[in-house]
$ cat final_21.csv   # CSV, C-alpha atoms and all ligand atoms
chain,number,residue,atom,x,y,z
A,145,MET,CA,-55.1,-96.0,85.6
A,146,LYS,CA,-55.6,-98.0,88.8
A,147,GLN,CA,-53.6,-101.2,89.0
A,148,LYS,CA,-55.9,-104.2,89.4
A,149,ILE,CA,-55.3,-106.8,92.2
A,150,LEU,CA,-57.1,-110.1,92.6
A,151,VAL,CA,-57.8,-111.2,96.2
A,152,THR,CA,-58.9,-114.7,96.7
A,153,GLY,CA,-60.7,-115.3,100.0
A,154,GLY,CA,-61.3,-111.5,100.0
A,155,THR,CA,-64.5,-111.7,102.1
A,156,GLY,CA,-62.7,-113.5,104.9
A,157,TYR,CA,-61.2,-112.0,108.1
A,158,ILE,CA,-57.7,-111.0,106.9
A,159,GLY,CA,-58.8,-110.8,103.3
A,160,SER,CA,-61.5,-108.2,103.9
A,161,HIS,CA,-59.1,-105.9,105.9
A,162,THR,CA,-56.5,-106.3,103.1
A,163,VAL,CA,-59.0,-105.3,100.4
A,164,VAL,CA,-59.7,-102.1,102.3
A,165,GLU,CA,-56.0,-101.3,102.6
A,166,LEU,CA,-55.4,-102.0,98.9
A,167,GLN,CA,-58.3,-99.7,98.0
A,168,ASN,CA,-56.9,-97.0,100.4
A,169,SER,CA,-53.7,-97.3,98.5
A,170,GLY,CA,-55.4,-96.7,95.2
A,171,TYR,CA,-55.6,-100.2,93.8
A,172,GLU,CA,-58.7,-101.6,92.1
A,173,VAL,CA,-59.7,-104.9,93.7
A,174,VAL,CA,-61.4,-108.1,92.4
A,175,ILE,CA,-62.5,-110.5,95.1
A,176,ILE,CA,-63.0,-114.2,94.5
A,177,ASP,CA,-64.6,-116.1,97.4
A,178,ASN,CA,-66.8,-119.2,97.7
A,179,LEU,CA,-68.4,-117.8,100.9
A,180,SER,CA,-67.8,-121.1,102.6
A,181,ASN,CA,-66.6,-119.3,105.7
A,182,SER,CA,-67.9,-115.7,105.2
A,183,SER,CA,-70.9,-113.9,103.7
A,184,ALA,CA,-71.6,-111.5,100.8
A,185,ASP,CA,-72.5,-108.7,103.1
A,186,VAL,CA,-68.8,-108.3,103.8
A,187,VAL,CA,-68.6,-106.7,100.3
A,188,ASP,CA,-71.1,-104.1,101.4
A,189,ASN,CA,-69.1,-103.4,104.6
A,190,ILE,CA,-65.9,-103.1,102.7
A,191,GLU,CA,-67.6,-100.4,100.5
A,192,LYS,CA,-68.9,-98.6,103.7
A,193,VAL,CA,-65.3,-98.6,105.1
A,194,SER,CA,-63.4,-97.6,102.0
A,195,GLY,CA,-66.0,-95.8,100.0
A,196,VAL,CA,-65.2,-98.1,97.0
A,197,ARG,CA,-67.1,-101.2,96.1
A,198,PRO,CA,-64.7,-104.0,95.0
A,199,PHE,CA,-65.7,-106.4,92.1
A,200,PHE,CA,-67.0,-109.6,93.7
A,201,GLU,CA,-67.1,-113.0,92.0
A,202,GLU,CA,-68.6,-115.9,94.0
A,203,LEU,CA,-66.4,-118.7,92.9
A,204,ASP,CA,-64.5,-121.7,94.3
A,205,CYS,CA,-60.8,-121.6,93.4
A,206,LEU,CA,-61.1,-125.3,92.7
A,207,ASP,CA,-63.1,-124.4,89.6
A,208,TYR,CA,-60.3,-124.0,87.0
A,209,GLU,CA,-62.6,-122.9,84.2
A,210,GLY,CA,-64.4,-120.5,86.5
A,211,LEU,CA,-61.1,-119.0,87.4
A,212,ASN,CA,-60.1,-118.7,83.8
A,213,THR,CA,-63.3,-116.9,83.0
A,214,VAL,CA,-62.8,-114.4,85.8
A,215,PHE,CA,-59.2,-113.6,84.6
A,216,ALA,CA,-60.5,-113.1,81.1
A,217,LYS,CA,-63.4,-110.9,82.3
A,218,HIS,CA,-61.3,-108.7,84.6
A,219,LYS,CA,-58.5,-108.0,82.1
A,220,GLY,CA,-55.2,-106.6,83.4
A,221,ILE,CA,-55.0,-108.2,86.8
A,222,LYS,CA,-51.4,-107.4,87.8
A,223,ALA,CA,-51.0,-109.5,90.9
A,224,ILE,CA,-52.8,-111.8,93.3
A,225,ILE,CA,-53.1,-112.1,97.1
A,226,HIS,CA,-54.1,-115.7,97.8
A,227,PHE,CA,-56.0,-116.1,101.1
A,228,ALA,CA,-58.6,-118.7,100.0
A,229,ALA,CA,-58.0,-121.9,102.0
A,230,SER,CA,-59.5,-124.0,104.8
A,231,LYS,CA,-57.7,-123.0,108.0
A,232,ALA,CA,-59.0,-124.8,111.1
A,233,VAL,CA,-56.2,-126.8,112.6
A,234,GLY,CA,-58.5,-129.2,114.5
A,235,GLU,CA,-60.8,-129.8,111.5
A,236,SER,CA,-57.8,-130.6,109.3
A,237,VAL,CA,-56.9,-133.5,111.5
A,238,GLN,CA,-60.5,-134.9,111.1
A,239,LYS,CA,-60.7,-134.2,107.3
A,240,PRO,CA,-57.2,-134.2,105.8
A,241,LEU,CA,-58.3,-135.0,102.2
A,242,LEU,CA,-60.6,-131.9,102.2
A,243,TYR,CA,-57.7,-129.8,103.3
A,244,TYR,CA,-55.2,-131.3,100.8
A,245,ARG,CA,-57.6,-131.0,97.9
A,246,ASN,CA,-58.8,-127.5,98.8
A,247,ASN,CA,-55.6,-125.8,99.8
A,248,LEU,CA,-53.2,-127.4,97.3
A,249,LEU,CA,-55.4,-127.7,94.2
A,250,SER,CA,-56.7,-124.1,94.6
A,251,LEU,CA,-53.1,-122.8,94.5
A,252,ILE,CA,-52.1,-125.0,91.6
A,253,ASN,CA,-55.0,-123.7,89.6
A,254,ILE,CA,-54.0,-120.1,90.2
A,255,LEU,CA,-50.3,-120.7,89.5
A,256,GLU,CA,-51.2,-122.4,86.2
A,257,LEU,CA,-53.5,-119.5,85.1
A,258,MET,CA,-51.2,-116.6,86.1
A,259,PRO,CA,-48.8,-116.7,83.1
A,260,GLN,CA,-51.7,-117.2,80.7
A,261,HIS,CA,-53.2,-113.9,81.8
A,262,GLY,CA,-50.0,-111.8,82.3
A,263,VAL,CA,-50.3,-111.8,86.1
A,264,GLU,CA,-46.9,-110.8,87.4
A,265,GLY,CA,-46.8,-112.1,91.0
A,266,ILE,CA,-48.5,-113.7,94.0
A,267,VAL,CA,-48.5,-112.8,97.7
A,268,PHE,CA,-49.2,-116.1,99.5
A,269,SER,CA,-50.8,-116.3,103.0
A,270,SER,CA,-48.5,-118.6,104.9
A,271,SER,CA,-48.2,-119.1,108.6
A,272,CYS,CA,-45.7,-119.4,111.5
A,273,THR,CA,-47.1,-122.9,111.9
A,274,VAL,CA,-44.4,-124.0,109.4
A,275,TYR,CA,-41.8,-123.5,112.1
A,276,GLY,CA,-43.4,-125.8,114.6
A,277,GLN,CA,-41.8,-125.3,118.0
A,278,PRO,CA,-38.7,-123.2,117.0
A,279,ASP,CA,-35.4,-124.1,118.6
A,280,GLU,CA,-34.5,-120.5,118.9
A,281,LEU,CA,-36.8,-117.5,119.8
A,282,PRO,CA,-37.6,-115.0,118.5
A,283,VAL,CA,-37.9,-117.0,115.2
A,284,THR,CA,-36.3,-115.7,112.0
A,285,GLU,CA,-37.1,-116.7,108.4
A,286,LYS,CA,-33.9,-118.8,108.4
A,287,ALA,CA,-35.3,-121.1,111.1
A,288,PRO,CA,-35.7,-124.7,110.0
A,289,ILE,CA,-39.1,-125.8,108.7
A,290,LYS,CA,-40.3,-128.6,111.0
A,291,LYS,CA,-42.7,-131.4,110.4
A,292,ALA,CA,-46.2,-129.9,110.6
A,293,GLU,CA,-48.3,-130.8,113.6
A,294,SER,CA,-51.5,-130.9,111.4
A,295,PRO,CA,-52.6,-131.3,107.8
A,296,TYR,CA,-53.5,-127.6,107.8
A,297,GLY,CA,-49.9,-126.7,108.7
A,298,ASN,CA,-48.6,-129.2,106.2
A,299,THR,CA,-50.6,-127.6,103.4
A,300,LYS,CA,-48.9,-124.3,104.2
A,301,GLN,CA,-45.5,-125.9,104.0
A,302,VAL,CA,-46.3,-127.8,100.8
A,303,ASN,CA,-47.8,-124.7,99.2
A,304,GLU,CA,-44.6,-122.8,99.8
A,305,GLU,CA,-42.7,-125.6,98.1
A,306,ILE,CA,-45.1,-125.6,95.2
A,307,ILE,CA,-44.6,-121.9,94.6
A,308,CYS,CA,-40.8,-122.2,94.8
A,309,ASP,CA,-40.7,-125.2,92.4
A,310,THR,CA,-43.0,-123.5,89.9
A,311,ILE,CA,-40.8,-120.4,89.8
A,312,LYS,CA,-37.6,-122.5,89.7
A,313,SER,CA,-39.1,-124.3,86.6
A,314,GLY,CA,-39.1,-120.9,84.8
A,315,SER,CA,-42.7,-119.7,85.3
A,316,PRO,CA,-42.5,-115.9,84.6
A,317,ILE,CA,-43.9,-114.9,88.0
A,318,SER,CA,-42.6,-113.7,91.3
A,319,ALA,CA,-43.8,-114.5,94.8
A,320,ILE,CA,-43.7,-113.2,98.4
A,321,LEU,CA,-44.6,-115.6,101.2
A,322,LEU,CA,-45.9,-113.9,104.3
A,323,ARG,CA,-45.7,-116.1,107.4
A,324,TYR,CA,-48.3,-114.7,109.8
A,325,PHE,CA,-48.2,-115.1,113.5
A,326,ASN,CA,-51.5,-114.7,115.4
A,327,PRO,CA,-53.9,-112.2,113.7
A,328,ILE,CA,-56.3,-110.6,116.1
A,329,GLY,CA,-58.6,-107.6,116.5
A,330,ALA,CA,-60.9,-105.8,114.1
A,331,HIS,CA,-61.2,-102.7,111.9
A,332,PRO,CA,-61.5,-99.5,114.0
A,333,THR,CA,-64.9,-98.8,112.4
A,334,ALA,CA,-66.2,-102.2,113.8
A,335,LEU,CA,-67.6,-102.9,110.4
A,336,LEU,CA,-65.1,-105.7,109.6
A,337,GLY,CA,-63.8,-108.4,112.0
A,338,GLU,CA,-63.5,-112.0,112.7
A,339,LEU,CA,-66.7,-114.0,112.4
A,340,PRO,CA,-66.0,-117.7,112.9
A,341,ASN,CA,-68.7,-120.2,112.0
A,342,GLY,CA,-69.9,-122.1,115.0
A,343,VAL,CA,-67.8,-122.5,118.2
A,344,PRO,CA,-64.6,-120.4,117.7
A,345,GLN,CA,-61.4,-122.4,117.6
A,346,ASN,CA,-59.1,-119.4,118.0
A,347,LEU,CA,-58.5,-117.6,121.3
A,348,ILE,CA,-59.8,-114.0,120.7
A,349,PRO,CA,-63.2,-114.8,119.2
A,350,PHE,CA,-63.8,-117.3,122.0
A,351,LEU,CA,-62.6,-114.7,124.6
A,352,THR,CA,-64.9,-111.9,123.3
A,353,GLN,CA,-67.9,-114.3,123.0
A,354,THR,CA,-67.3,-115.3,126.6
A,355,ALA,CA,-67.0,-111.6,127.7
A,356,ILE,CA,-70.3,-110.8,126.0
A,357,GLY,CA,-72.1,-113.9,127.5
A,358,ILE,CA,-72.4,-116.1,124.4
A,359,ARG,CA,-70.0,-118.6,126.0
A,360,GLU,CA,-70.2,-119.4,129.7
A,361,LYS,CA,-66.4,-119.4,130.3
A,362,LEU,CA,-63.1,-119.4,128.4
A,363,SER,CA,-60.9,-122.6,128.9
A,364,VAL,CA,-57.2,-121.7,129.1
A,365,PHE,CA,-55.5,-124.8,127.6
A,366,GLY,CA,-52.8,-125.4,130.1
A,367,ASN,CA,-50.7,-123.5,132.6
A,368,ASP,CA,-47.9,-126.1,133.0
A,369,TYR,CA,-45.8,-125.0,130.1
A,370,ASN,CA,-42.2,-123.9,130.5
A,371,THR,CA,-43.1,-120.2,130.4
A,372,PRO,CA,-43.2,-117.5,133.1
A,373,ASP,CA,-46.8,-117.9,134.0
A,374,GLY,CA,-47.2,-121.5,132.6
A,375,SER,CA,-49.5,-120.6,129.7
A,376,CYS,CA,-48.5,-120.6,126.0
A,377,ILE,CA,-46.9,-117.6,124.4
A,378,ARG,CA,-47.8,-116.2,121.0
A,379,ASP,CA,-47.1,-113.1,118.9
A,380,PHE,CA,-50.5,-111.4,118.5
A,381,ILE,CA,-50.6,-109.1,115.5
A,382,ASN,CA,-53.3,-106.5,114.7
A,383,VAL,CA,-55.2,-107.5,111.6
A,384,VAL,CA,-55.0,-104.0,110.1
A,385,ASP,CA,-51.2,-104.1,110.5
A,386,LEU,CA,-51.2,-107.5,108.9
A,387,ALA,CA,-53.3,-106.2,106.0
A,388,LYS,CA,-50.9,-103.3,105.4
A,389,ALA,CA,-48.0,-105.8,105.1
A,390,HIS,CA,-49.8,-107.3,102.1
A,391,VAL,CA,-50.0,-103.9,100.4
A,392,THR,CA,-46.3,-103.4,100.9
A,393,ALA,CA,-45.6,-106.8,99.5
A,394,ILE,CA,-47.8,-106.1,96.4
A,395,GLU,CA,-45.9,-102.8,95.9
A,396,ARG,CA,-42.6,-104.7,96.1
A,397,ILE,CA,-43.8,-107.3,93.5
A,398,LEU,CA,-45.1,-104.6,91.1
A,399,ASP,CA,-41.8,-102.6,91.4
A,400,LYS,CA,-40.4,-105.6,89.5
A,401,LYS,CA,-37.4,-105.6,91.9
A,402,GLN,CA,-37.9,-109.3,92.5
A,403,LYS,CA,-38.6,-110.7,89.1
A,404,GLN,CA,-39.0,-114.5,89.2
A,405,ALA,CA,-37.9,-114.6,92.8
A,406,VAL,CA,-39.4,-115.9,96.0
A,407,GLU,CA,-39.1,-113.9,99.2
A,408,THR,CA,-40.2,-114.9,102.7
A,409,PHE,CA,-41.1,-112.6,105.5
A,410,ASN,CA,-42.2,-113.1,109.1
A,411,ILE,CA,-45.2,-110.8,109.8
A,412,GLY,CA,-45.3,-110.4,113.5
A,413,THR,CA,-44.8,-107.7,116.2
A,414,GLY,CA,-41.7,-109.3,117.7
A,415,ARG,CA,-43.4,-109.4,121.1
A,416,GLY,CA,-44.5,-112.6,122.8
A,417,LEU,CA,-47.5,-112.5,125.1
A,418,SER,CA,-48.9,-115.4,127.2
A,419,VAL,CA,-52.5,-116.4,127.1
A,420,LEU,CA,-52.9,-115.3,130.7
A,421,GLU,CA,-51.2,-111.9,130.0
A,422,LEU,CA,-53.5,-111.4,127.1
A,423,ILE,CA,-56.6,-112.1,129.3
A,424,ASN,CA,-55.3,-109.6,131.9
A,425,LEU,CA,-54.6,-107.0,129.1
A,426,PHE,CA,-58.2,-107.5,127.8
A,427,GLU,CA,-59.7,-106.9,131.2
A,428,LYS,CA,-57.6,-103.8,131.8
A,429,SER,CA,-58.2,-102.4,128.2
A,430,THR,CA,-61.9,-102.9,128.2
A,431,GLY,CA,-62.8,-102.9,131.9
A,432,VAL,CA,-64.7,-106.2,131.3
A,433,LYS,CA,-64.1,-109.1,133.7
A,434,LEU,CA,-63.5,-112.4,132.0
A,435,ASN,CA,-64.7,-115.8,133.3
A,436,TYR,CA,-62.0,-118.3,132.6
A,437,GLU,CA,-60.8,-121.6,133.9
A,438,ILE,CA,-57.4,-123.4,133.5
A,439,VAL,CA,-57.9,-126.8,131.9
A,440,GLY,CA,-55.6,-129.4,130.3
A,441,ARG,CA,-53.4,-128.8,127.4
A,442,ARG,CA,-54.8,-128.8,123.8
A,443,ALA,CA,-53.2,-131.4,121.5
A,444,GLY,CA,-50.9,-130.0,118.9
A,445,ASP,CA,-50.3,-126.6,120.7
A,446,ILE,CA,-46.9,-125.1,120.3
A,447,GLU,CA,-45.5,-123.9,123.7
A,448,LYS,CA,-44.1,-120.6,122.7
A,449,VAL,CA,-43.5,-118.8,119.4
A,450,TRP,CA,-42.9,-115.1,118.5
A,451,ALA,CA,-41.3,-113.4,115.5
A,452,ASN,CA,-38.1,-111.7,114.8
A,453,PRO,CA,-39.6,-109.1,112.4
A,454,ASP,CA,-36.3,-107.4,111.6
A,455,TYR,CA,-36.2,-108.7,108.0
A,456,ALA,CA,-39.8,-107.5,107.2
A,457,ASN,CA,-39.0,-104.2,109.0
A,458,ASN,CA,-35.7,-103.5,107.2
A,459,GLU,CA,-36.1,-105.2,103.8
A,460,LEU,CA,-39.9,-105.1,103.2
A,461,GLY,CA,-40.2,-101.7,104.9
A,462,TRP,CA,-43.2,-102.8,107.0
A,463,LYS,CA,-43.6,-102.7,110.8
A,464,ALA,CA,-46.5,-103.4,113.2
A,465,GLU,CA,-47.7,-100.2,114.7
A,466,ILE,CA,-51.0,-100.8,116.6
A,467,SER,CA,-50.8,-101.5,120.3
A,468,ILE,CA,-52.1,-104.6,121.9
A,469,GLU,CA,-54.4,-102.5,124.0
A,470,GLU,CA,-56.0,-100.8,121.0
A,471,THR,CA,-56.2,-104.2,119.3
A,472,LEU,CA,-58.1,-105.8,122.2
A,473,LYS,CA,-60.4,-102.9,122.4
A,474,SER,CA,-61.1,-103.2,118.6
A,475,ALA,CA,-62.0,-106.9,119.1
A,476,TRP,CA,-64.4,-106.0,121.9
A,477,ALA,CA,-66.0,-103.2,119.9
A,478,TRP,CA,-66.5,-105.6,117.0
A,479,GLN,CA,-68.2,-108.2,119.4
A,480,LEU,CA,-70.5,-105.4,120.7
A,481,LYS,CA,-71.3,-104.3,117.1
A,482,LEU,CA,-72.2,-108.0,116.2
A,483,ARG,CA,-74.7,-108.0,119.1
A,484,GLU,CA,-76.1,-104.6,118.1
A,485,ARG,CA,-76.6,-105.9,114.5
A,486,GLY,CA,-78.3,-109.1,115.9
A,487,ILE,CA,-75.6,-111.3,114.3
A,488,GLN,CA,-74.2,-112.9,117.5
B,501,LIG,C1,-53.6,-119.4,120.7
B,501,LIG,C2,-53.3,-119.8,122.1
B,501,LIG,C3,-54.2,-122.0,122.7
B,501,LIG,C4,-58.4,-121.1,122.4
B,501,LIG,C5,-53.7,-121.2,114.9
B,501,LIG,C6,-53.0,-121.7,113.7
B,501,LIG,C7,-52.4,-120.6,112.9
B,501,LIG,C8,-53.4,-119.6,112.7
B,501,LIG,C9,-54.0,-119.1,114.0
B,501,LIG,C10,-54.9,-119.6,110.8
B,501,LIG,C11,-52.9,-121.3,122.2
B,501,LIG,C12,-54.9,-120.9,123.5
B,501,LIG,C13,-57.0,-121.0,122.4
B,501,LIG,C14,-59.1,-121.3,123.6
B,501,LIG,C15,-57.0,-121.2,124.7
B,501,LIG,N1,-54.5,-120.2,111.9
B,501,LIG,N2,-56.3,-121.0,123.5
B,501,LIG,N3,-58.3,-121.3,124.7
B,501,LIG,O1,-53.2,-122.3,117.7
B,501,LIG,O2,-51.7,-120.3,118.0
B,501,LIG,O3,-52.7,-120.7,115.8
B,501,LIG,O4,-54.6,-120.2,114.7
B,501,LIG,O5,-54.5,-118.7,110.2
B,501,LIG,O6,-51.8,-121.0,111.7
B,501,LIG,O7,-52.0,-122.6,114.0
B,501,LIG,O8,-54.1,-119.9,117.6
B,501,LIG,O9,-55.9,-118.8,118.8
B,501,LIG,O10,-56.1,-121.3,118.4
B,501,LIG,O11,-54.5,-120.4,120.1
B,501,LIG,O12,-56.3,-121.3,125.8
B,501,LIG,O13,-60.3,-121.4,123.7
B,501,LIG,O14,-54.5,-119.7,122.8
B,501,LIG,O15,-53.8,-123.1,123.6
B,501,LIG,O16,-51.9,-121.3,123.2
B,501,LIG,P1,-52.8,-120.9,117.4
B,501,LIG,P2,-55.3,-120.1,118.7
$ encode --input "final_21.csv" --output "structure tokens"
Amino acid sequence: MKQKILVTGGTGYIGSHTVVELQNSGYEVVIIDNLSNSSADVVDNIEKVSGVRPFFEELDCLDYEGLNTVFAKHKGIKAIIHFAASKAVGESVQKPLLYYRNNLLSLINILELMPQHGVEGIVFSSSCTVYGQPDELPVTEKAPIKKAESPYGNTKQVNEEIICDTIKSGSPISAILLRYFNPIGAHPTALLGELPNGVPQNLIPFLTQTAIGIREKLSVFGNDYNTPDGSCIRDFINVVDLAKAHVTAIERILDKKQKQAVETFNIGTGRGLSVLELINLFEKSTGVKLNYEIVGRRAGDIEKVWANPDYANNELGWKAEISIEETLKSAWAWQLKLRERGIQ
């Protein structure tokens, strides 16, 4: 009997890749998504990639009764991966209450319903944002949590605390917090990838849209940082590697090794790359010249952050494997496929 996993935000960028990896590992998947930042045809593409159509419920996680109905309809959900959240750093500064309501209340609804439906654990989508600018690099899970630079980052920090406090209060669930670094790239089939609404906020979608001619040029936000080439440094992790980390976390939760416990893992490659290095690697990997210009710094940007992934490698048993060159080529192939399909 296949074990059933609920994936909220499962038609999103990381969510859709994770659904495929869960299915490849033999799990049955139920997706809940309100399609506020994705579309239902992602379910069709998941089926094309994995050969299995996941159950799909169009629903907002703010809808407590709706969630309760879905749990009752899909009996036997063993664990949840919770991606559903608003995630644009800049937008969260403009609309903090939308972010606090959506990101906090959605999680609270899920945590309340889990014990009522025998759901054993939750894998939570957190972020390296919680570290702010680390004092020491590479950053480990023991690094101090710093005051978030944005309401978005604050919702990640508060959600981690909500999960810890809920389990401390005796809730019969366990949790694994995955702190992502910078997810990039697309599925090797080019059937799944990042599809931001409107003007991309993140580097790679803006970069590939510039390379294909949708955007006139890429602005590099600052080259006067205290880094070798002056541009910011990040830990860019392939989205398929990231998706596989979620499957490993689910297996750990279902093995019951960690009953009523909270574990935290940094999910990164352990390698820092600067923005300018990434641009250079993109041009080398794809043969496509990129039009970019150095401009002023972007408010709120962290200067440099990359993971120490040893704990995830040794304790969780997960390690990033896909090269940055393959990752950048997959991002470019995805952008070309979007044009071929007339989507962008
Ligand atoms: C990366 C680097 C920019 C765009 C954020 C969130 C994180 C996660 C990923 C959701 C920075 C530079 C970017 C551009 C640029 N969010 N850049 N020109 O800010 O590291 O992380 O997104 O899951 O939680 O904090 O990602 O891709 O926006 O920026 O020069 O047009 O690229 O300055 O140095 P970031 P990013």
$ residues_near_ligand --input "final_21.csv" --ligand "ligand LIG 501 (chain B)" --cutoff "7 Å" --atoms "only C-alpha atoms and all ligand atoms" --output "PyMOL selection string"
chain A and resi 231-233+271-273+297+325-327+345-348+350+362-366+375-378+419+441-442+445-447
$ closest_residue --input "final_21.csv" --among "A:Ser183, A:Ser429, A:Ser315, A:Asn178" --to "A:Glu201" --atoms "all atoms listed in the file"
A:Asn178
$ atom_distance --input "final_21.csv" --atom1 "atom CA of A:Asn424" --atom2 "atom CA of A:Gly357"
17.9 Å
$ atom_distance --input "final_21.csv" --atom1 "atom CA of A:Thr155" --atom2 "atom CA of A:Arg359"
25.5 Å
$ residues_around --input "final_21.csv" --residues "A:Asp454" --least-positions-apart "4" --cutoff "10 Å" --atoms "only C-alpha atoms" --output "VMD selection string"
chain A and resid 284 to 285 409 to 414 458 to 463
$ residues_near_point --input "final_21.csv" --point "(-43.2, -119.9, 117.8)" --cutoff "6 Å" --atoms "only C-alpha atoms" --output "PyMOL selection string"
chain A and resi 277-278+448-450
$ closest_residue --input "final_21.csv" --among "A:Lys291, A:Lys403, A:Lys148, A:Lys239" --to "A:Gly220" --atoms "only C-alpha atoms"
A:Lys148
$ closest_residue --input "final_21.csv" --among "A:Ser236, A:Gln404, A:Thr213, A:Thr430" --to "A:Pro316" --atoms "all atoms listed in the file"
A:Gln404
$ decode --input "final_21.csv" --residues "stretch 343-386 of chain A" --atoms "C-alpha atoms" --output "PDB file, in the first residue's frame"
ATOM      1  CA  VAL A 343       8.751  40.795 -13.534  1.00  0.00           C
ATOM      2  CA  PRO A 344      10.989  38.185 -11.861  1.00  0.00           C
ATOM      3  CA  GLN A 345      12.420  39.210  -8.488  1.00  0.00           C
ATOM      4  CA  ASN A 346      14.938  36.369  -8.342  1.00  0.00           C
ATOM      5  CA  LEU A 347      18.218  36.286 -10.248  1.00  0.00           C
ATOM      6  CA  ILE A 348      17.935  33.227 -12.495  1.00  0.00           C
ATOM      7  CA  PRO A 349      14.494  33.817 -14.025  1.00  0.00           C
ATOM      8  CA  PHE A 350      15.452  37.437 -14.738  1.00  0.00           C
ATOM      9  CA  LEU A 351      18.761  36.250 -16.185  1.00  0.00           C
ATOM     10  CA  THR A 352      17.199  33.690 -18.548  1.00  0.00           C
ATOM     11  CA  GLN A 353      14.457  36.130 -19.607  1.00  0.00           C
ATOM     12  CA  THR A 354      17.223  38.601 -20.475  1.00  0.00           C
ATOM     13  CA  ALA A 355      19.148  35.935 -22.373  1.00  0.00           C
ATOM     14  CA  ILE A 356      16.076  35.084 -24.480  1.00  0.00           C
ATOM     15  CA  GLY A 357      15.230  38.754 -25.107  1.00  0.00           C
ATOM     16  CA  ILE A 358      12.158  39.245 -22.932  1.00  0.00           C
ATOM     17  CA  ARG A 359      14.139  41.688 -20.728  1.00  0.00           C
ATOM     18  CA  GLU A 360      16.524  44.197 -22.259  1.00  0.00           C
ATOM     19  CA  LYS A 361      19.302  43.718 -19.693  1.00  0.00           C
ATOM     20  CA  LEU A 362      20.046  42.218 -16.313  1.00  0.00           C
ATOM     21  CA  SER A 363      20.880  44.673 -13.527  1.00  0.00           C
ATOM     22  CA  VAL A 364      23.563  43.371 -11.195  1.00  0.00           C
ATOM     23  CA  PHE A 365      22.728  44.901  -7.832  1.00  0.00           C
ATOM     24  CA  GLY A 366      26.106  46.145  -6.672  1.00  0.00           C
ATOM     25  CA  ASN A 367      29.766  45.276  -7.150  1.00  0.00           C
ATOM     26  CA  ASP A 368      31.108  47.142  -4.145  1.00  0.00           C
ATOM     27  CA  TYR A 369      30.575  44.404  -1.569  1.00  0.00           C
ATOM     28  CA  ASN A 370      33.402  42.919   0.481  1.00  0.00           C
ATOM     29  CA  THR A 371      33.736  39.897  -1.850  1.00  0.00           C
ATOM     30  CA  PRO A 372      36.450  38.918  -4.374  1.00  0.00           C
ATOM     31  CA  ASP A 373      34.686  40.452  -7.371  1.00  0.00           C
ATOM     32  CA  GLY A 374      32.480  42.859  -5.395  1.00  0.00           C
ATOM     33  CA  SER A 375      29.175  41.152  -6.180  1.00  0.00           C
ATOM     34  CA  CYS A 376      27.066  39.227  -3.653  1.00  0.00           C
ATOM     35  CA  ILE A 377      27.746  35.554  -2.952  1.00  0.00           C
ATOM     36  CA  ARG A 378      25.027  32.879  -2.681  1.00  0.00           C
ATOM     37  CA  ASP A 379      24.729  29.086  -2.432  1.00  0.00           C
ATOM     38  CA  PHE A 380      22.818  28.155  -5.587  1.00  0.00           C
ATOM     39  CA  ILE A 381      21.225  24.703  -5.277  1.00  0.00           C
ATOM     40  CA  ASN A 382      19.596  22.673  -8.050  1.00  0.00           C
ATOM     41  CA  VAL A 383      15.842  22.391  -7.531  1.00  0.00           C
ATOM     42  CA  VAL A 384      15.856  18.606  -8.178  1.00  0.00           C
ATOM     43  CA  ASP A 385      18.545  18.124  -5.522  1.00  0.00           C
ATOM     44  CA  LEU A 386      16.400  20.247  -3.207  1.00  0.00           C
TER      45      LEU A 386
END
